[in-house]
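One file, run12.cif, carrying mmCIF, C-alpha atoms:
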data_protein
#
loop_
_atom_site.label_atom_id
_atom_site.label_comp_id
_atom_site.auth_asym_id
_atom_site.auth_seq_id
_atom_site.Cartn_x
_atom_site.Cartn_y
_atom_site.Cartn_z
CA MET A 1 0.31 -15.43 -8.86
CA VAL A 2 2.24 -14.77 -12.03
CA GLU A 3 0.11 -15.63 -15.09
CA ILE A 4 2.11 -17.03 -17.97
CA LYS A 5 1.46 -19.79 -20.46
CA HIS A 6 5.00 -21.08 -20.90
CA HIS A 7 8.12 -20.57 -18.83
CA ILE A 8 11.34 -21.35 -20.66
CA PHE A 9 14.51 -22.01 -18.70
CA VAL A 10 17.82 -21.91 -20.56
CA CYS A 11 21.07 -23.06 -18.94
CA THR A 12 23.79 -20.42 -19.20
CA SER A 13 26.04 -22.27 -16.74
CA CYS A 14 25.59 -19.78 -13.86
CA ARG A 15 27.31 -21.19 -10.83
CA LEU A 16 26.30 -20.48 -7.26
CA ASN A 17 29.64 -18.78 -6.64
CA GLY A 18 28.86 -16.24 -9.34
CA GLN A 19 31.04 -17.72 -12.08
CA GLN A 20 29.46 -18.24 -15.48
CA LYS A 21 31.50 -21.11 -16.76
CA GLY A 22 30.63 -24.49 -18.18
CA PHE A 23 29.53 -26.43 -21.18
CA CYS A 24 26.30 -24.63 -22.13
CA TYR A 25 27.94 -21.23 -21.73
CA SER A 26 30.89 -22.30 -23.87
CA LYS A 27 28.40 -23.47 -26.51
CA ASN A 28 26.95 -19.94 -26.74
CA SER A 29 23.83 -20.52 -24.69
CA VAL A 30 23.59 -16.78 -24.01
CA ASP A 31 22.80 -16.43 -27.73
CA ILE A 32 20.09 -19.07 -27.27
CA VAL A 33 18.49 -16.92 -24.55
CA SER A 34 18.65 -13.86 -26.80
CA LYS A 35 17.17 -15.80 -29.69
CA PHE A 36 14.25 -16.97 -27.52
CA MET A 37 13.67 -13.34 -26.51
CA GLU A 38 13.78 -12.09 -30.11
CA ALA A 39 11.61 -14.88 -31.53
CA THR A 40 8.93 -14.65 -28.83
CA GLU A 41 8.75 -10.88 -29.35
CA GLU A 42 8.49 -11.38 -33.08
CA TYR A 43 5.44 -13.61 -32.54
CA ASP A 44 4.05 -11.19 -29.97
CA LEU A 45 4.25 -13.78 -27.18
CA SER A 46 6.04 -11.59 -24.65
CA GLY A 47 2.97 -11.41 -22.40
CA GLU A 48 2.51 -15.16 -22.16
CA VAL A 49 6.05 -16.51 -22.28
CA MET A 50 8.75 -15.91 -19.68
CA ILE A 51 12.42 -16.69 -20.40
CA THR A 52 14.85 -17.28 -17.54
CA ASN A 53 18.57 -18.13 -17.57
CA THR A 54 19.73 -20.80 -15.15
CA GLY A 55 22.60 -22.74 -13.67
CA CYS A 56 23.55 -26.27 -14.69
CA PHE A 57 20.92 -28.97 -15.21
CA GLY A 58 23.53 -31.72 -14.95
CA ILE A 59 23.18 -33.11 -18.47
CA CYS A 60 25.90 -30.98 -20.01
CA ASP A 61 26.71 -33.36 -22.87
CA LYS A 62 23.27 -32.54 -24.32
CA GLY A 63 23.69 -28.76 -24.03
CA PRO A 64 22.72 -26.11 -24.81
CA ILE A 65 19.51 -27.03 -23.00
CA ALA A 66 16.10 -25.40 -22.58
CA VAL A 67 13.23 -26.70 -20.45
CA VAL A 68 9.68 -25.58 -21.09
CA TYR A 69 7.22 -25.61 -18.18
CA PRO A 70 4.51 -26.41 -17.20
CA GLU A 71 4.82 -29.08 -19.93
CA GLY A 72 8.16 -30.30 -18.59
CA ILE A 73 9.64 -30.67 -22.06
CA TRP A 74 13.43 -30.79 -22.28
CA TYR A 75 15.16 -29.68 -25.46
CA GLY A 76 18.88 -30.17 -26.12
CA ASN A 77 21.72 -29.57 -28.56
CA LEU A 78 20.12 -26.24 -29.38
CA THR A 79 21.10 -23.86 -32.14
CA GLU A 80 19.41 -20.58 -33.03
CA GLU A 81 17.55 -22.41 -35.81
CA CYS A 82 16.21 -24.90 -33.23
CA VAL A 83 14.91 -21.99 -31.15
CA GLU A 84 12.96 -20.61 -34.11
CA LYS A 85 11.41 -24.01 -34.62
CA ILE A 86 10.48 -24.38 -30.92
CA VAL A 87 8.87 -20.94 -30.87
CA GLU A 88 6.89 -21.52 -34.07
CA GLU A 89 5.84 -25.13 -33.54
CA HIS A 90 5.64 -25.49 -29.76
CA LEU A 91 4.79 -22.03 -28.44
CA VAL A 92 2.68 -20.75 -31.32
CA ASN A 93 1.11 -23.98 -32.62
CA GLY A 94 1.16 -26.04 -29.43
CA GLN A 95 3.12 -28.95 -30.96
CA PRO A 96 6.37 -29.78 -29.13
CA VAL A 97 9.27 -30.35 -31.55
CA LYS A 98 9.80 -34.07 -31.08
CA GLU A 99 13.17 -34.35 -32.81
CA LEU A 100 14.72 -31.81 -30.44
CA ILE A 101 13.46 -33.44 -27.22
CA ILE A 102 16.08 -35.11 -25.06
CA MET B 1 13.06 -37.16 -21.01
CA VAL B 2 14.11 -36.25 -17.50
CA GLU B 3 11.71 -37.77 -14.95
CA ILE B 4 11.18 -35.62 -11.90
CA LYS B 5 8.15 -34.77 -9.82
CA HIS B 6 8.99 -31.19 -8.91
CA HIS B 7 11.49 -28.77 -10.36
CA ILE B 8 12.33 -25.85 -8.09
CA PHE B 9 13.87 -22.72 -9.52
CA VAL B 10 15.48 -20.24 -7.12
CA CYS B 11 16.61 -16.79 -8.26
CA THR B 12 20.22 -16.12 -7.31
CA SER B 13 20.39 -13.01 -9.50
CA CYS B 14 22.65 -14.54 -12.17
CA ARG B 15 22.98 -12.08 -14.98
CA LEU B 16 23.59 -12.98 -18.60
CA ASN B 17 26.95 -11.19 -18.49
CA GLY B 18 28.10 -13.53 -15.74
CA GLN B 19 27.66 -11.14 -12.81
CA GLN B 20 25.78 -12.42 -9.79
CA LYS B 21 24.35 -9.22 -8.45
CA GLY B 22 20.87 -8.13 -7.50
CA PHE B 23 18.17 -8.18 -4.89
CA CYS B 24 17.70 -11.91 -4.38
CA TYR B 25 21.45 -12.49 -4.20
CA SER B 26 21.84 -9.68 -1.68
CA LYS B 27 19.06 -11.27 0.39
CA ASN B 28 21.09 -14.50 0.67
CA SER B 29 19.24 -16.52 -1.92
CA VAL B 30 22.28 -18.79 -2.29
CA ASP B 31 21.49 -19.97 1.26
CA ILE B 32 17.90 -20.63 0.11
CA VAL B 33 19.22 -22.91 -2.64
CA SER B 34 21.44 -24.75 -0.13
CA LYS B 35 18.53 -25.10 2.29
CA PHE B 36 16.33 -26.61 -0.47
CA MET B 37 19.14 -29.08 -1.21
CA GLU B 38 19.60 -30.02 2.43
CA ALA B 39 15.88 -30.32 3.21
CA THR B 40 15.05 -32.39 0.13
CA GLU B 41 17.94 -34.73 0.94
CA GLU B 42 16.74 -34.99 4.52
CA TYR B 43 13.33 -36.16 3.26
CA ASP B 44 14.96 -38.44 0.72
CA LEU B 45 13.44 -36.55 -2.21
CA SER B 46 16.66 -36.13 -4.19
CA GLY B 47 15.48 -38.52 -6.90
CA GLU B 48 12.21 -36.73 -7.56
CA VAL B 49 13.05 -33.08 -6.96
CA MET B 50 15.48 -30.99 -8.99
CA ILE B 51 16.75 -27.62 -7.74
CA THR B 52 18.11 -25.06 -10.17
CA ASN B 53 19.47 -21.54 -9.59
CA THR B 54 18.35 -18.84 -12.00
CA GLY B 55 18.63 -15.27 -13.13
CA CYS B 56 16.11 -12.57 -12.30
CA PHE B 57 12.34 -13.20 -12.47
CA GLY B 58 11.61 -9.47 -12.53
CA ILE B 59 9.68 -9.26 -9.26
CA CYS B 60 12.66 -8.41 -7.09
CA ASP B 61 10.69 -6.64 -4.38
CA LYS B 62 9.21 -10.03 -3.45
CA GLY B 63 12.58 -11.84 -3.32
CA PRO B 64 14.04 -14.22 -2.48
CA ILE B 65 11.83 -16.15 -4.89
CA ALA B 66 11.33 -19.82 -5.73
CA VAL B 67 9.05 -21.21 -8.43
CA VAL B 68 7.88 -24.82 -8.32
CA TYR B 69 6.98 -26.55 -11.60
CA PRO B 70 4.98 -28.20 -13.08
CA GLU B 71 2.53 -26.67 -10.59
CA GLY B 72 3.61 -23.12 -11.45
CA ILE B 73 3.55 -22.02 -7.83
CA TRP B 74 5.52 -18.89 -6.97
CA TYR B 75 6.84 -18.40 -3.47
CA GLY B 76 8.39 -15.14 -2.22
CA ASN B 77 10.04 -13.39 0.70
CA LEU B 78 11.72 -16.68 1.54
CA THR B 79 13.73 -17.49 4.63
CA GLU B 80 15.33 -20.83 5.51
CA GLU B 81 12.31 -21.54 7.75
CA CYS B 82 9.98 -20.98 4.77
CA VAL B 83 11.99 -23.52 2.78
CA GLU B 84 11.53 -26.17 5.47
CA LYS B 85 7.80 -25.51 5.39
CA ILE B 86 7.63 -25.75 1.57
CA VAL B 87 9.55 -29.02 1.56
CA GLU B 88 7.43 -30.58 4.31
CA GLU B 89 4.00 -29.31 3.29
CA HIS B 90 4.24 -28.94 -0.48
CA LEU B 91 6.82 -31.49 -1.62
CA VAL B 92 6.20 -34.20 0.95
CA ASN B 93 2.47 -33.74 1.68
CA GLY B 94 1.37 -32.24 -1.62
CA GLN B 95 -0.16 -29.12 -0.04
CA PRO B 96 1.25 -25.83 -1.36
CA VAL B 97 1.99 -23.35 1.45
CA LYS B 98 -0.68 -20.74 0.75
CA GLU B 99 0.67 -17.99 2.98
CA LEU B 100 4.01 -17.97 1.15
CA ILE B 101 2.54 -17.79 -2.36
CA ILE B 102 2.99 -14.49 -4.17
#
Please render this file's structure as structure tokens.
Amino acid sequence: MVEIKHHIFVCTSCRLNGQQKGFCYSKNSVDIVSKFMEATEEYDLSGEVMITNTGCFGICDKGPIAVVYPEGIWYGNLTEECVEKIVEEHLVNGQPVKELII
Amino acid sequence: MVEIKHHIFVCTSCRLNGQQKGFCYSKNSVDIVSKFMEATEEYDLSGEVMITNTGCFGICDKGPIAVVYPEGIWYGNLTEECVEKIVEEHLVNGQPVKELII
């Protein structure tokens, strides 16, 4: 088994046919993935947090979207500032960021 | 909040640059996604199970890979037959398929 504390999934609009096209991608969700990587490294969480890019979650109007498991917390309308907040408050301090939950 | 019972993530080797290329993809993981969709529909689980394609999980030698949350169960070396087993035993009967766990 893979031992991690949080697994973060970020939609980058990857389609099954190999195209990366869609709302989250057009809203710079690749930068959101990079920001999660940077911020988790900064807080030395790399060993306990995994970040994975995904295809569409089907709630595009709320994108960019990130889902944190095993908690099952869905965040939307993300900016890089939101990501910093999620990493600090949720991942480091264990308090999900209520105002960003969708 | 999105209300689902299981969220299944299947690596289809989507890269951040938009290329779909890699071990899981070359091992027909797109068919694994389709099989999960078919089998969950067959068992009328569409309302409680979400299936999402992803980028690389970094354990390519064990691909094709599917992770089931919130349980955090990792399955590997998947075939379409394995998917049927996971849907029947894990999703329908609540018993993870031990021999497929990695």
**OP:** Spell out the residues picked by the PyMOL selection byres ((chain B) within 6 of (chain A)) here, as number ranges by chain.
**Re:** B: 1, 18, 20, 53-55, 70, 102
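Selection check: the PyMOL selection byres ((chain B and resi 83-97) around 8) on the shown file gives His6, Ile32, Lys35, Phe36, Ala39, Thr40, Tyr43, Ile73, Leu78, Thr79, Glu80, Glu81, Cys82, Lys98, Glu99, Leu100 and Ile101 of chain B.
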Could you give me the centre and size, in Å to one decimal, of an axis-aligned box around all listed atoms of segment 96-99 of chain B with 8 Å added on every side, as AutoDock Vina command-line options?
--center_x 0.7 --center_y -21.9 --center_z 0.8 --size_x 18.7 --size_y 23.8 --size_z 20.3
